[in-house]
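Here the structure is laid out as structure tokens; the discussion comes afterwards.
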Amino acid sequence: MRLLVVGRLSGQLATAVKMAMAHGAKVQHVERGDQATEQLRRGQGADLLMVDYRVDIAALISANENERIHVPVVACGVDADATDAANAIRAGAKEFIPLPPEADLIAAVLSAVADDERPLISADPSMKAVIQLADQVARSEASILITGESGVGKEVMARYLHGGSKRADKPFISVNCAAIPDNLLESELFGHEKGAFTGAMARRIGKFEEADGGTLLLDEISEMDVRLQAKLLRAIQERVIDRVGGTKPVPVNIRIIATSNRDLAKSVAEGSFREDLLYRLNVVNLRLPSLRERPGDIAVLADHFVKKYAAANGVPVRPISTDAKRALVSHRWNGNVRELENAMHRAVLLAVGPEIDVEAIRLPDGQPLTAGAAGPAVGPAAADAGFAARAAHTADVVSRAYVGQTVAQMEKTLILDTLSHCLGNRTHAANILGISIRTLRNKLNEYADEGTSIPAPQSGIAASGYAAA
């Protein structure tokens, strides 16, 4: 994990930095908030900012957001009282670390805020065959195209390839091509020069340069506009890029991994994807089988998610009952590993006995898991109705702790707590809640209209209004 420390490195802060490094963090340091933003703008990326509480945290976060830089912040400091800690959280810090530091606290904060531990877990022969091929090509420089249904773990495989490559000690940078508007994606990938367009107040280094020496993951590349595909093809072929508004090419040394949940050959035939770009990307193809094609993975993945979310929520790890495991293996899992992960997260929260039984494993609409069930279609209207049913069920389960609250209040609490847990990331929160992103946005708009502060996207910052992710 890349950690950027902001503030004067006095004794106790230096000790905290050494503890972070002992837990594998790669640390850089600046003294002022404006230096931190400038460093991030220049492409020296970070996964987490550790900021002295005396730095203007609100101004730092605002400056980063103006550059579309979303990096979570934890505050820290010596001799800080409860008011100082509260002010830091109010300014947008996700956590506060008192100094002198405790090693366990540093480790817990790094793990909770960064959440970058996503191991590739498999026991099924069909998946092991894919992993064997990945091991064969990981140390090559070949571009790799990872395909498969949504939720099968394509980014996890990409990180696995990077970890096994000769570039493992260099950056792994991921860009979700489907999540960034077309008019911003070019600047996000290639960067821009000062004055290149309205609002370009300074030079901005793009993801290609940020990934220099390492690996660039182009997630859901099928969503990229055809015009931009031509510029991408040149970058891959010639290993140079042109910043928006730039006058000279910039050399880059990266390995490209791309993912898609669509049939790119069909997209080529339809004219929405360039054939020459497909050839460049598809030097090696890794097709990840759906979870229904690898039933041997279901139980081991379920056990992993139970341990992960029990730790995250501070509850005891309960074993999965035999009947529950039988039901898990029999279910179709149209949402693949992502759907299984969400189901086990809910099960950890809903389980009440010594084991996680079938009753605790619920579908997104609150219905119990049934063998062979395909799950409901999640259109916008179905998602709204299903979410209300699921929220009502959850409220009933925890009613003893929340007597007097309405279902609507419970629903609101659950949404906002989950969004905060996800650092404001709408897509991640919607996946955990088991609802569509449209449903989540509608709910957040309702709460914002009521005057409720809503965590901003990709951060833990409270905002008075709602901005779409």
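Scheme for the structure tokens: letters A, B, ... for chains in order shown; per-chain residue numbers from 1; ligand numbers from 1 in order shown.
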Exercise for review: Find the residues around Lys443 in chain A up to 12 Å (only C-alpha atoms counted), leave out those fewer than 2 positions away in its own chain, and share them as a VMD selection string.
Suggested key: chain A and resid 383 to 384 387 to 388 408 to 409 411 to 416 419 426 430 435 to 441 445 to 450 452 454 466 468
Pull N, CA and C atoms from the residues just selected and write them as a short mmCIF file (atom, residue, chain, number, x, y, z; two decimals), in the first residue's frame.
data_model
loop_
_atom_site.label_atom_id
_atom_site.label_comp_id
_atom_site.auth_asym_id
_atom_site.auth_seq_id
_atom_site.Cartn_x
_atom_site.Cartn_y
_atom_site.Cartn_z
N ALA A 383 -35.87 -3.54 -7.83
CA ALA A 383 -34.87 -3.25 -6.80
C ALA A 383 -35.47 -2.44 -5.68
N ASP A 384 -36.29 -1.44 -6.01
CA ASP A 384 -36.93 -0.62 -4.97
C ASP A 384 -37.83 -1.48 -4.09
N PHE A 387 -35.72 -4.01 -2.10
CA PHE A 387 -34.94 -3.40 -1.03
C PHE A 387 -35.82 -3.08 0.17
N ALA A 388 -37.03 -2.62 -0.08
CA ALA A 388 -37.94 -2.33 1.02
C ALA A 388 -38.23 -3.59 1.82
N ALA A 408 -38.38 2.77 7.77
CA ALA A 408 -37.72 3.81 6.97
C ALA A 408 -36.48 4.34 7.68
N GLN A 409 -36.58 4.50 9.00
CA GLN A 409 -35.41 4.97 9.76
C GLN A 409 -34.30 3.92 9.75
N GLU A 411 -33.85 1.67 7.46
CA GLU A 411 -33.34 1.66 6.09
C GLU A 411 -32.32 2.76 5.89
N LYS A 412 -32.65 3.96 6.37
CA LYS A 412 -31.75 5.10 6.23
C LYS A 412 -30.45 4.86 6.98
N THR A 413 -30.55 4.35 8.21
CA THR A 413 -29.36 4.07 9.01
C THR A 413 -28.46 3.05 8.31
N LEU A 414 -29.07 2.00 7.79
CA LEU A 414 -28.32 0.94 7.12
C LEU A 414 -27.60 1.48 5.89
N ILE A 415 -28.29 2.29 5.10
CA ILE A 415 -27.69 2.85 3.88
C ILE A 415 -26.52 3.75 4.23
N LEU A 416 -26.72 4.67 5.15
CA LEU A 416 -25.67 5.64 5.47
C LEU A 416 -24.48 4.98 6.15
N LEU A 419 -22.59 3.15 3.41
CA LEU A 419 -21.89 4.11 2.55
C LEU A 419 -20.64 4.64 3.25
N ARG A 426 -20.27 4.71 -4.03
CA ARG A 426 -21.66 4.31 -4.28
C ARG A 426 -21.77 2.89 -4.83
N ALA A 430 -23.74 -0.09 -2.99
CA ALA A 430 -24.91 -0.71 -3.63
C ALA A 430 -24.74 -2.22 -3.72
N ILE A 435 -28.64 -3.72 -3.86
CA ILE A 435 -29.60 -2.90 -4.62
C ILE A 435 -28.90 -2.31 -5.83
N SER A 436 -29.68 -1.77 -6.75
CA SER A 436 -29.10 -1.13 -7.92
C SER A 436 -28.53 0.23 -7.54
N ILE A 437 -27.56 0.70 -8.33
CA ILE A 437 -26.97 2.01 -8.08
C ILE A 437 -28.03 3.11 -8.22
N ARG A 438 -29.00 2.89 -9.12
CA ARG A 438 -30.08 3.87 -9.29
C ARG A 438 -30.92 3.98 -8.03
N THR A 439 -31.24 2.83 -7.43
CA THR A 439 -32.01 2.85 -6.18
C THR A 439 -31.26 3.59 -5.09
N LEU A 440 -29.94 3.31 -4.98
CA LEU A 440 -29.14 3.98 -3.96
C LEU A 440 -29.12 5.49 -4.18
N ARG A 441 -28.94 5.91 -5.41
CA ARG A 441 -28.91 7.35 -5.70
C ARG A 441 -30.24 8.02 -5.35
N ASN A 445 -30.63 10.99 -2.63
CA ASN A 445 -31.26 12.27 -2.97
C ASN A 445 -32.37 12.63 -1.99
N GLU A 446 -33.15 11.63 -1.59
CA GLU A 446 -34.21 11.86 -0.60
C GLU A 446 -33.61 12.37 0.70
N TYR A 447 -32.53 11.70 1.15
CA TYR A 447 -31.94 12.09 2.43
C TYR A 447 -31.30 13.47 2.35
N ALA A 448 -30.67 13.77 1.20
CA ALA A 448 -30.06 15.10 1.03
C ALA A 448 -31.13 16.19 1.06
N ASP A 449 -32.28 15.90 0.44
CA ASP A 449 -33.38 16.88 0.45
C ASP A 449 -33.90 17.13 1.86
N GLU A 450 -33.73 16.11 2.73
CA GLU A 450 -34.15 16.26 4.13
C GLU A 450 -33.13 17.01 4.97
N THR A 452 -29.90 15.85 5.37
CA THR A 452 -28.92 14.91 5.92
C THR A 452 -27.60 15.04 5.17
N ILE A 454 -24.41 13.67 3.41
CA ILE A 454 -24.17 12.44 2.67
C ILE A 454 -22.67 12.32 2.40
N TYR A 466 -25.92 15.91 -2.53
CA TYR A 466 -25.53 14.61 -3.07
C TYR A 466 -24.98 14.80 -4.47
N ALA A 468 -23.61 12.64 -7.75
CA ALA A 468 -23.62 11.28 -8.31
C ALA A 468 -22.22 10.78 -8.50
#
Exercise for review: Give the strand (DSSP E) residues of range 54-190 of chain A, as DSSP finds them on the backbone, and put them as a PyMOL selection string.
Suggested key: chain A and resi 73-78+95-99+144-147+172-176
Point to revise | Selection near range 181-198 of chain A, 7 Å with only C-alpha atoms, sequence-local residues under 3 positions removed, as a list of chain:residue names | key: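 Contacts, with the query itself left out: A:Met201, A:Ala202, A:Arg203, A:Arg204, A:Ile205, A:Gly206, A:Lys207, A:Phe208, A:Asp225, A:Leu228, A:Ile241, A:Asp242, A:Arg243, A:Val244, A:Gly245, A:Gly246.
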Restricted to C-alpha atoms, what would the selected residues look like written as a CSV table (one decimal), in the first residue's frame?
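Everything below was put into part.csv:
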chain,number,residue,atom,x,y,z
A,201,MET,CA,-5.5,25.1,-13.7
A,202,ALA,CA,-2.3,23.1,-13.6
A,203,ARG,CA,-0.6,20.1,-15.3
A,204,ARG,CA,-2.1,16.8,-14.3
A,205,ILE,CA,-0.4,13.5,-14.7
A,206,GLY,CA,-2.6,10.7,-16.0
A,207,LYS,CA,-2.9,7.0,-15.1
A,208,PHE,CA,-0.5,6.0,-17.9
A,225,ASP,CA,-15.4,5.4,-26.8
A,228,LEU,CA,-10.3,7.2,-27.6
A,241,ILE,CA,1.3,9.1,-24.9
A,242,ASP,CA,0.1,12.6,-25.6
A,243,ARG,CA,-1.3,14.7,-22.7
A,244,VAL,CA,-4.4,16.6,-23.6
A,245,GLY,CA,-3.1,20.0,-24.8
A,246,GLY,CA,0.5,18.7,-24.9
Practice item. Rounded to one decimal place, report the CA of Ala230 in chain A-CA of Pro249 in chain A distance in Å. Key: 15.4 Å
Review point. Of the candidates A:Arg287, A:Arg294, A:Met224, A:Arg139, which one gets nearest to Phe273 in chain A if we count only C-alpha atoms?
Key: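 Selected residue with least distance to Phe273 in chain A: A:Met224.
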